[in-house]
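S.K.: Below you'll find data-v4.txt; it's compact mmCIF, C-alpha atoms.
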# COMPACT_ATOMS: atom_id res chain seq x y z
CA MET A 26 -35.43 33.82 33.71
CA LYS A 27 -34.20 32.21 30.51
CA LYS A 28 -31.22 30.80 32.37
CA LEU A 29 -33.45 29.46 35.07
CA LEU A 30 -35.69 27.74 32.51
CA LEU A 31 -32.69 26.24 30.79
CA ALA A 32 -31.30 24.98 34.08
CA ALA A 33 -34.67 23.56 35.05
CA SER A 34 -35.14 21.76 31.76
CA MET A 35 -31.61 20.37 31.93
CA ALA A 36 -32.24 19.14 35.45
CA ALA A 37 -35.47 17.52 34.24
CA MET A 38 -33.61 15.77 31.41
CA MET A 39 -31.03 14.43 33.80
CA ALA A 40 -33.68 13.13 36.14
CA VAL A 41 -35.13 10.84 33.45
CA PRO A 42 -34.41 7.24 34.49
CA ALA A 43 -31.90 5.20 32.50
CA GLN A 44 -33.28 3.81 29.28
CA ALA A 45 -31.92 2.29 26.09
CA ALA A 46 -29.19 4.59 24.92
CA ASP A 47 -26.81 4.47 22.02
CA TYR A 48 -23.10 4.46 22.63
CA VAL A 49 -20.16 4.86 20.31
CA ILE A 50 -17.13 2.79 21.24
CA ASP A 51 -14.36 5.13 22.34
CA THR A 52 -11.73 4.31 19.75
CA GLN A 53 -11.02 8.04 19.42
CA GLY A 54 -9.53 8.12 22.91
CA ALA A 55 -8.40 4.47 22.62
CA HIS A 56 -10.43 3.21 25.56
CA ALA A 57 -11.30 0.00 23.79
CA PHE A 58 -9.21 -3.04 22.98
CA VAL A 59 -9.46 -6.04 20.70
CA GLN A 60 -6.78 -8.40 21.87
CA PHE A 61 -5.98 -12.05 21.44
CA LYS A 62 -3.72 -14.62 22.97
CA ILE A 63 -2.61 -17.94 21.59
CA SER A 64 -0.42 -20.62 23.05
CA HIS A 65 3.14 -20.73 21.79
CA LEU A 66 4.18 -24.38 21.50
CA GLY A 67 2.10 -25.13 24.58
CA TYR A 68 4.74 -23.47 26.75
CA SER A 69 3.74 -19.84 26.84
CA TRP A 70 1.32 -17.17 25.59
CA LEU A 71 1.64 -14.94 22.59
CA TYR A 72 -0.40 -11.72 22.83
CA GLY A 73 -1.55 -9.58 19.97
CA ARG A 74 -4.17 -7.01 19.19
CA PHE A 75 -5.98 -5.18 16.44
CA ASN A 76 -5.20 -1.49 16.57
CA THR A 77 -7.95 -0.23 14.26
CA PHE A 78 -11.62 -0.98 14.73
CA SER A 79 -14.88 0.84 15.29
CA GLY A 80 -18.32 0.08 16.56
CA ASP A 81 -21.27 1.10 18.62
CA PHE A 82 -23.80 -0.44 20.94
CA SER A 83 -27.12 0.30 22.50
CA TYR A 84 -27.47 -0.53 26.12
CA ASP A 85 -30.30 -0.51 28.62
CA ALA A 86 -29.40 -1.51 32.16
CA ASP A 87 -33.02 -2.45 32.91
CA LYS A 88 -33.54 -4.39 29.71
CA LEU A 89 -30.19 -5.96 29.03
CA GLU A 90 -31.51 -8.52 26.54
CA ALA A 91 -32.62 -5.66 24.24
CA SER A 92 -29.05 -4.37 23.98
CA LYS A 93 -27.09 -4.63 20.76
CA ILE A 94 -23.51 -4.29 19.62
CA GLN A 95 -21.70 -4.26 16.32
CA LEU A 96 -17.96 -4.09 15.78
CA THR A 97 -15.86 -3.77 12.62
CA ILE A 98 -12.17 -4.64 12.81
CA ASP A 99 -9.52 -3.64 10.28
CA THR A 100 -7.56 -6.89 9.98
CA ASN A 101 -4.62 -4.98 8.48
CA SER A 102 -4.01 -3.50 11.90
CA VAL A 103 -2.97 -6.78 13.52
CA ASP A 104 -0.07 -6.08 15.86
CA SER A 105 1.91 -8.70 17.76
CA ASN A 106 4.89 -6.41 18.35
CA HIS A 107 7.00 -8.08 15.65
CA ALA A 108 6.93 -6.75 12.06
CA GLU A 109 7.93 -10.04 10.43
CA ARG A 110 5.30 -11.99 12.35
CA ASP A 111 2.64 -9.37 11.62
CA LYS A 112 3.51 -9.61 7.92
CA HIS A 113 3.02 -13.37 8.19
CA LEU A 114 -0.27 -12.94 10.11
CA ARG A 115 -1.59 -10.64 7.35
CA SER A 116 -0.67 -13.16 4.65
CA GLY A 117 -2.75 -15.95 3.17
CA ASP A 118 -1.36 -18.31 5.82
CA PHE A 119 -3.49 -16.58 8.45
CA LEU A 120 -5.80 -13.56 8.10
CA ASN A 121 -5.59 -13.08 4.35
CA VAL A 122 -6.08 -9.34 4.82
CA SER A 123 -5.79 -8.31 1.17
CA LYS A 124 -8.82 -10.49 0.44
CA HIS A 125 -10.60 -9.99 3.79
CA PRO A 126 -9.66 -6.56 5.10
CA LYS A 127 -12.53 -6.47 7.58
CA ALA A 128 -13.70 -8.71 10.39
CA THR A 129 -17.08 -7.98 11.91
CA PHE A 130 -19.09 -8.98 14.93
CA VAL A 131 -22.83 -8.34 15.03
CA SER A 132 -24.76 -9.40 18.11
CA THR A 133 -27.90 -11.49 17.73
CA LYS A 134 -28.96 -12.26 21.28
CA ILE A 135 -28.07 -11.43 24.86
CA VAL A 136 -28.70 -13.88 27.68
CA PRO A 137 -28.34 -12.23 31.12
CA LYS A 138 -26.59 -14.26 33.77
CA ALA A 139 -25.69 -13.77 37.41
CA GLY A 140 -24.75 -10.27 38.54
CA ASP A 141 -23.29 -8.11 35.80
CA THR A 142 -22.40 -11.03 33.56
CA PHE A 143 -24.17 -12.14 30.38
CA ASP A 144 -23.70 -14.24 27.29
CA LEU A 145 -23.38 -12.20 24.13
CA HIS A 146 -24.36 -14.23 21.07
CA GLY A 147 -23.50 -12.97 17.63
CA ASN A 148 -22.11 -13.60 14.18
CA LEU A 149 -18.38 -13.23 13.80
CA THR A 150 -17.04 -12.85 10.28
CA LEU A 151 -13.32 -13.50 10.12
CA ASN A 152 -11.21 -14.48 7.09
CA GLY A 153 -14.42 -14.45 5.05
CA VAL A 154 -16.12 -17.08 7.24
CA THR A 155 -19.20 -16.18 9.29
CA LYS A 156 -19.86 -18.24 12.37
CA GLU A 157 -22.00 -17.82 15.45
CA VAL A 158 -19.94 -17.31 18.59
CA VAL A 159 -20.82 -16.75 22.24
CA ILE A 160 -18.85 -14.13 24.13
CA ALA A 161 -18.83 -14.45 27.93
CA ALA A 162 -19.29 -10.80 28.84
CA GLU A 163 -19.46 -8.63 31.87
CA LYS A 164 -20.43 -5.04 32.55
CA LEU A 165 -17.50 -3.35 34.22
CA GLY A 166 -19.17 -0.07 35.13
CA GLU A 167 -21.03 2.99 33.94
CA GLY A 168 -21.48 6.59 34.94
CA LYS A 169 -20.63 10.18 34.22
CA ASP A 170 -17.11 10.96 33.16
CA PRO A 171 -15.27 14.07 34.42
CA TRP A 172 -15.73 15.89 31.07
CA GLY A 173 -19.49 16.05 30.73
CA GLY A 174 -20.09 12.71 29.03
CA TYR A 175 -21.57 9.42 30.10
CA ARG A 176 -19.73 6.14 29.70
CA ALA A 177 -20.33 2.42 30.04
CA GLY A 178 -17.67 -0.27 29.87
CA PHE A 179 -17.79 -3.99 29.12
CA ALA A 180 -15.36 -6.85 28.77
CA GLY A 181 -15.87 -10.12 26.99
CA THR A 182 -13.93 -13.18 26.04
CA THR A 183 -14.40 -16.09 23.67
CA THR A 184 -12.28 -18.87 22.25
CA LEU A 185 -12.08 -19.43 18.50
CA THR A 186 -10.87 -22.53 16.73
CA LEU A 187 -8.62 -21.34 13.92
CA LYS A 188 -9.76 -24.07 11.51
CA ASP A 189 -13.39 -22.89 11.91
CA PHE A 190 -12.36 -19.67 10.22
CA ALA A 191 -10.38 -21.39 7.45
CA ILE A 192 -7.03 -20.57 9.06
CA ASN A 193 -5.34 -23.85 8.38
CA THR A 194 -1.70 -23.13 9.13
CA ASP A 195 -0.56 -25.68 11.69
CA LEU A 196 0.96 -24.03 14.74
CA GLY A 197 0.94 -27.22 16.76
CA PRO A 198 -1.62 -29.03 18.90
CA ALA A 199 -1.64 -26.48 21.72
CA SER A 200 -2.24 -23.60 19.32
CA ALA A 201 -5.38 -24.75 17.50
CA THR A 202 -7.47 -22.16 19.33
CA VAL A 203 -7.05 -18.48 20.03
CA GLN A 204 -8.65 -16.54 22.87
CA LEU A 205 -10.21 -13.24 21.89
CA ASP A 206 -10.49 -10.57 24.59
CA LEU A 207 -12.59 -7.49 24.03
CA THR A 208 -12.82 -4.48 26.26
CA VAL A 209 -15.08 -1.71 25.06
CA GLU A 210 -15.87 1.60 26.63
CA GLY A 211 -18.79 3.42 25.04
CA ILE A 212 -19.60 7.09 25.15
CA ARG A 213 -23.30 7.85 25.12
CA LYS A 214 -24.29 9.60 21.91
CA MET B 17 48.05 -11.10 -10.25
CA PHE B 18 45.48 -9.66 -7.82
CA LYS B 19 44.66 -6.55 -9.81
CA ASN B 20 43.00 -6.37 -13.20
CA SER B 21 45.16 -5.43 -16.18
CA GLN B 22 44.12 -3.84 -19.51
CA THR B 23 43.30 -7.26 -20.90
CA GLN B 24 43.08 -9.65 -17.98
CA PHE B 25 40.90 -10.05 -14.88
CA GLY B 26 42.90 -10.30 -11.64
CA LEU B 27 42.32 -12.84 -8.90
CA ILE B 28 40.28 -10.46 -6.73
CA SER B 29 37.74 -9.61 -9.45
CA VAL B 30 37.47 -13.24 -10.55
CA SER B 31 36.92 -14.47 -6.99
CA LEU B 32 34.39 -11.75 -6.23
CA HIS B 33 32.47 -12.52 -9.43
CA TRP B 34 32.10 -16.24 -8.74
CA LEU B 35 31.53 -15.78 -5.02
CA VAL B 36 28.65 -13.40 -5.72
CA ALA B 37 27.26 -15.70 -8.46
CA LEU B 38 27.22 -18.67 -6.08
CA THR B 39 25.79 -16.63 -3.21
CA VAL B 40 23.00 -15.08 -5.28
CA PHE B 41 21.79 -18.45 -6.54
CA GLY B 42 22.19 -20.00 -3.08
CA LEU B 43 20.23 -17.19 -1.40
CA PHE B 44 17.50 -17.46 -4.02
CA ALA B 45 17.14 -21.21 -3.49
CA VAL B 46 17.06 -20.89 0.30
CA GLY B 47 14.66 -17.95 0.15
CA TRP B 48 12.33 -19.77 -2.20
CA TRP B 49 12.35 -22.87 0.00
CA MET B 50 12.21 -21.29 3.45
CA VAL B 51 9.02 -19.24 3.00
CA ASP B 52 7.00 -22.45 2.84
CA LEU B 53 8.58 -24.22 5.82
CA SER B 54 6.12 -25.48 8.41
CA TYR B 55 6.26 -24.07 11.92
CA TYR B 56 7.65 -27.28 13.36
CA SER B 57 10.39 -27.64 10.75
CA GLN B 58 13.85 -27.62 12.36
CA TRP B 59 14.84 -25.07 9.71
CA TYR B 60 12.00 -22.63 10.50
CA ARG B 61 14.29 -20.33 12.47
CA THR B 62 17.72 -21.32 11.14
CA ALA B 63 17.06 -20.86 7.42
CA PRO B 64 15.85 -17.24 7.64
CA HIS B 65 18.67 -16.44 10.07
CA TRP B 66 21.27 -17.73 7.62
CA HIS B 67 19.50 -16.14 4.65
CA LYS B 68 19.60 -12.73 6.36
CA SER B 69 23.18 -13.17 7.57
CA VAL B 70 24.49 -14.18 4.15
CA GLY B 71 22.40 -11.44 2.52
CA ILE B 72 23.98 -8.72 4.67
CA LEU B 73 27.45 -10.14 3.93
CA LEU B 74 26.57 -10.15 0.22
CA GLY B 75 25.68 -6.46 0.47
CA MET B 76 29.08 -5.77 2.04
CA VAL B 77 30.88 -7.80 -0.64
CA MET B 78 28.98 -5.87 -3.34
CA LEU B 79 30.09 -2.57 -1.79
CA PHE B 80 33.65 -3.83 -1.85
CA ARG B 81 33.20 -4.83 -5.52
CA LEU B 82 32.19 -1.28 -6.39
CA PHE B 83 35.19 0.03 -4.45
CA TRP B 84 37.46 -2.48 -6.21
CA ARG B 85 36.20 -1.38 -9.65
CA VAL B 86 37.47 2.09 -8.81
CA ILE B 87 40.82 0.82 -7.46
CA SER B 88 41.30 -1.67 -10.28
CA PRO B 89 38.99 -1.11 -13.28
CA PRO B 90 38.05 -4.24 -15.24
CA PRO B 91 39.57 -4.82 -18.68
CA GLY B 92 37.58 -3.59 -21.69
CA PRO B 93 35.46 -5.91 -23.82
CA LEU B 94 37.07 -8.21 -26.37
CA THR B 95 37.61 -6.49 -29.71
CA THR B 96 35.61 -9.23 -31.41
CA HIS B 97 32.46 -8.29 -29.47
CA LYS B 98 29.88 -6.50 -31.59
CA ARG B 99 28.57 -3.11 -30.65
CA TRP B 100 25.14 -4.36 -29.59
CA GLU B 101 26.75 -7.14 -27.55
CA ARG B 102 28.86 -4.63 -25.64
CA LYS B 103 25.88 -2.38 -24.99
CA THR B 104 23.64 -5.23 -23.87
CA ALA B 105 26.34 -6.77 -21.67
CA THR B 106 27.01 -3.44 -19.95
CA ALA B 107 23.32 -2.78 -19.43
CA VAL B 108 22.76 -6.24 -17.89
CA GLN B 109 25.80 -5.86 -15.64
CA ILE B 110 24.73 -2.44 -14.37
CA LEU B 111 21.22 -3.77 -13.81
CA LEU B 112 22.54 -6.80 -11.90
CA TYR B 113 24.57 -4.56 -9.58
CA LEU B 114 21.61 -2.25 -9.05
CA LEU B 115 19.07 -5.02 -8.46
CA ILE B 116 21.33 -6.89 -6.02
CA PHE B 117 21.63 -3.70 -3.97
CA ILE B 118 17.85 -3.26 -4.08
CA LEU B 119 17.50 -6.89 -3.01
CA VAL B 120 19.73 -6.43 0.03
CA LEU B 121 18.07 -3.16 0.95
CA SER B 122 14.50 -4.48 0.62
CA GLY B 123 15.42 -7.56 2.66
CA TYR B 124 16.82 -5.30 5.35
CA LEU B 125 13.61 -3.22 5.35
CA ILE B 126 11.40 -6.31 5.87
CA SER B 127 13.22 -7.37 9.02
CA THR B 128 13.88 -4.01 10.62
CA GLU B 129 10.45 -2.30 10.49
CA ASP B 130 9.89 -2.91 14.20
CA GLY B 131 13.32 -1.64 15.20
CA ARG B 132 14.90 -5.06 15.72
CA PRO B 133 18.45 -5.31 14.38
CA ILE B 134 19.60 -8.05 11.98
CA THR B 135 22.03 -10.38 13.69
CA VAL B 136 24.63 -11.68 11.25
CA PHE B 137 25.63 -15.21 12.39
CA ASP B 138 25.85 -13.98 16.00
CA TRP B 139 28.97 -12.08 14.90
CA PHE B 140 27.52 -8.57 14.84
CA ASP B 141 24.23 -6.67 14.64
CA VAL B 142 23.15 -4.42 11.82
CA PRO B 143 21.08 -1.75 13.59
CA ALA B 144 17.52 -1.07 12.45
CA LEU B 145 16.24 2.26 11.23
CA GLY B 146 12.70 1.31 12.23
CA ALA B 147 9.66 2.04 10.08
CA LEU B 148 10.65 4.47 7.32
CA PHE B 149 7.33 4.30 5.48
CA ASN B 150 3.85 2.87 5.81
CA LYS B 151 3.34 -0.88 5.30
CA GLN B 152 7.12 -1.19 5.08
CA ALA B 153 7.43 -4.95 5.66
CA ASP B 154 4.69 -5.76 3.12
CA ILE B 155 5.93 -3.41 0.39
CA ALA B 156 9.59 -4.33 0.92
CA GLY B 157 8.57 -8.01 0.88
CA LEU B 158 6.91 -7.69 -2.51
CA ILE B 159 9.86 -5.76 -3.94
CA HIS B 160 12.25 -8.38 -2.52
CA GLU B 161 10.28 -11.18 -4.18
CA TYR B 162 9.97 -9.62 -7.64
CA VAL B 163 13.51 -8.25 -7.72
CA ALA B 164 14.81 -11.71 -6.70
CA TYR B 165 13.07 -13.29 -9.69
CA SER B 166 14.42 -10.51 -11.94
CA VAL B 167 17.99 -10.99 -10.73
CA ILE B 168 17.82 -14.73 -11.37
CA ILE B 169 16.38 -14.23 -14.87
CA LEU B 170 19.05 -11.63 -15.69
CA ALA B 171 21.83 -13.78 -14.20
CA VAL B 172 20.69 -16.76 -16.29
CA LEU B 173 20.66 -14.58 -19.44
CA HIS B 174 24.10 -13.23 -18.48
CA GLY B 175 25.35 -16.84 -18.11
CA LEU B 176 23.73 -18.00 -21.35
CA ALA B 177 25.37 -15.10 -23.16
CA ALA B 178 28.76 -16.19 -21.77
CA LEU B 179 28.10 -19.76 -22.97
CA LYS B 180 27.11 -18.40 -26.38
CA HIS B 181 30.48 -16.64 -26.60
CA HIS B 182 32.28 -19.78 -25.48
CA PHE B 183 30.59 -22.41 -27.63
CA ILE B 184 29.24 -20.51 -30.63
CA ASP B 185 31.56 -17.53 -31.08
CA LYS B 186 34.46 -19.59 -29.63
CA ASP B 187 36.04 -16.50 -28.08
CA ASN B 188 37.69 -16.02 -24.68
CA THR B 189 34.84 -14.16 -22.91
CA LEU B 190 34.09 -16.96 -20.44
CA LYS B 191 37.71 -18.15 -20.03
CA ARG B 192 38.69 -14.57 -19.19
CA MET B 193 36.26 -14.66 -16.26
CA PHE B 194 38.39 -17.47 -14.82
CA GLY B 195 41.48 -15.23 -15.00
CA ARG B 196 42.87 -16.58 -18.27
CA LYS B 197 44.82 -14.34 -20.60
CA PRO B 198 42.82 -13.37 -23.71
For this file, write the structure as structure tokens.
M.R.:
Amino acid sequence: MKKLLLAASMAAMMAVPAQAADYVIDTQGAHAFVQFKISHLGYSWLYGRFNTFSGDFSYDADKLEASKIQLTIDTNSVDSNHAERDKHLRSGDFLNVSKHPKATFVSTKIVPKAGDTFDLHGNLTLNGVTKEVVIAAEKLGEGKDPWGGYRAGFAGTTTLTLKDFAINTDLGPASATVQLDLTVEGIRK
Amino acid sequence: MFKNSQTQFGLISVSLHWLVALTVFGLFAVGWWMVDLSYYSQWYRTAPHWHKSVGILLGMVMLFRLFWRVISPPPGPLTTHKRWERKTATAVQILLYLLIFILVLSGYLISTEDGRPITVFDWFDVPALGALFNKQADIAGLIHEYVAYSVIILAVLHGLAALKHHFIDKDNTLKRMFGRKP
């Protein structure tokens, strides 16, 4: 009888329609990525990423504009697959990580667009400078995972002008901006 | 002629001494200048490549110097040198050897954290040992910088002391380092 009750109540809980839920970004299992690419000399792309970050979001499929996300990035973890370059990127010429060890993004507004796409507005703090940015985002999918959890995944991209964030090292005319690519998979709390 | 005698420096020791002196000051100047080169400077890639190549060769020359000291020990100090002068001179010389080795080693650790070898003038590669400790490139970089300044300060003191012997004490300390008989 007890088991039956438990099963019934669990079934009832599962039947509740989707509503605003809180998610933690799955950095534990590394199903989230903060990557960037910047032109090299105008001839090619250089890719890099931040290996350490954390964040969470709340998401409601029926009320997308009420969703929120915040992300904190450890700028020390910049990784472009070259130790000497990473040392240079951490220095005062670029990310100034000893002075600004964290970069943060906190959403302020979500504007739904066609299909699963939306504009994610928010304040990005990088190298000690806070600036409003708009991330062109898209929901990739959501649903139960095979291990008893529930997941939702998003991708977003935005282009930053280095000078806007007081990164004044001249890498040439084609490399004045950097494209930031975020892919986050959240696990419902 | 090549080997050191009881009183005289041989050609090998004299050459090694001045070669290392020239190289250390040259590497310091290039290192100091190259870290501020702009990305579009034509030296942006060449200067660090040469700095690393010459640095590795310096490390090899220093190893040979140690080996040569065993094969052919240097002559003792001049009898006119005072006790404190001998002690200070020896301490500075040991420190210079030690710091130059630390300099080469820390430079190596900056460049090899990610497993890439150091290519010496396209002649040969010095293989990397990869990351041996956390924040290796940053920590090794700081050590490299401070030890470089220390070596230059010590080398200048070492040179000033030699000039003091030459011009004030009017002894043969400096002349001997050019291979002259005492």
S.K.: Pull out every residue of chain A sitting within 8 Å of chain B, counting only C-alpha atoms, and send them as a PDB file with C-alpha atoms, in the frame of the given file.
M.R.:
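Saved as iface.pdb:
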ATOM      1  CA  ASN A 106       4.890  -6.410  18.350  1.00  0.00           C
ATOM      2  CA  HIS A 107       7.000  -8.080  15.650  1.00  0.00           C
ATOM      3  CA  ALA A 108       6.930  -6.750  12.060  1.00  0.00           C
ATOM      4  CA  GLU A 109       7.930 -10.040  10.430  1.00  0.00           C
ATOM      5  CA  LYS A 112       3.510  -9.610   7.920  1.00  0.00           C
ATOM      6  CA  ASP A 195      -0.560 -25.680  11.690  1.00  0.00           C
ATOM      7  CA  LEU A 196       0.960 -24.030  14.740  1.00  0.00           C
ATOM      8  CA  GLY A 197       0.940 -27.220  16.760  1.00  0.00           C
TER       9      GLY A 197
END
S.K.: Just checking: using all atoms listed in the file, which residue out of A:Ile63, A:Leu71, A:Val49, A:Ile135 ends up closest to Thr186 (chain A)?
M.R.: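 Ranked by minimum distance to Thr186 (chain A), first place goes to A:Ile63.
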S.K.: So how many Å separate CA of Lys214 (chain A) and CA of Glu163 (chain A), to one decimal?
M.R.: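 We find that CA of Lys214 (chain A) and CA of Glu163 (chain A) lie 21.3 Å from each other.
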S.K.: Could you check how far CA of Ala161 (chain A) sits from CA of Asp144 (chain A), in Å to one decimal?
M.R.: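 A separation of 4.9 Å between them.
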S.K.: Would you work out the distance separating CA of Thr96 (chain B) from CA of Leu38 (chain B), expressed in Å to one decimal?
M.R.: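 Here the two named atoms are 28.3 Å from each other.
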S.K.: With all atoms listed in the file as the atoms that count, which of A:Ser83, A:Thr183, A:Thr142, A:Ser92 lies nearest to Val158 (chain A)?
M.R.: A:Thr183
S.K.: Hey, can you pull every residue with an atom no more than 10 Å from (-24.6, 5.2, 36.8), using only C-alpha atoms, and send it as a list of chain:residue names?
M.R.: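 Checked against the point, the hits come out as A:Ala43, A:Ala86, A:Gly166, A:Glu167, A:Gly168, A:Lys169, A:Tyr175, A:Arg176, A:Ala177.
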S.K.: Which residues are near Trp70 (chain A)? Cut-off 12 Å, all atoms listed in the file, ignore same chain within fewer than 3 positions. Put them as an MDAnalysis selection string.
M.R.: chainID A and resid 61:67 73 105 199:200 202:204
S.K.: Tell me, as a PyMOL selection string, which residues lie within 9 Å of Phe194 (chain B), counting all atoms listed in the file; anything in the same chain fewer than 2 positions away does not count.
M.R.: chain B and resi 25+27+30-31+34+190-192+196
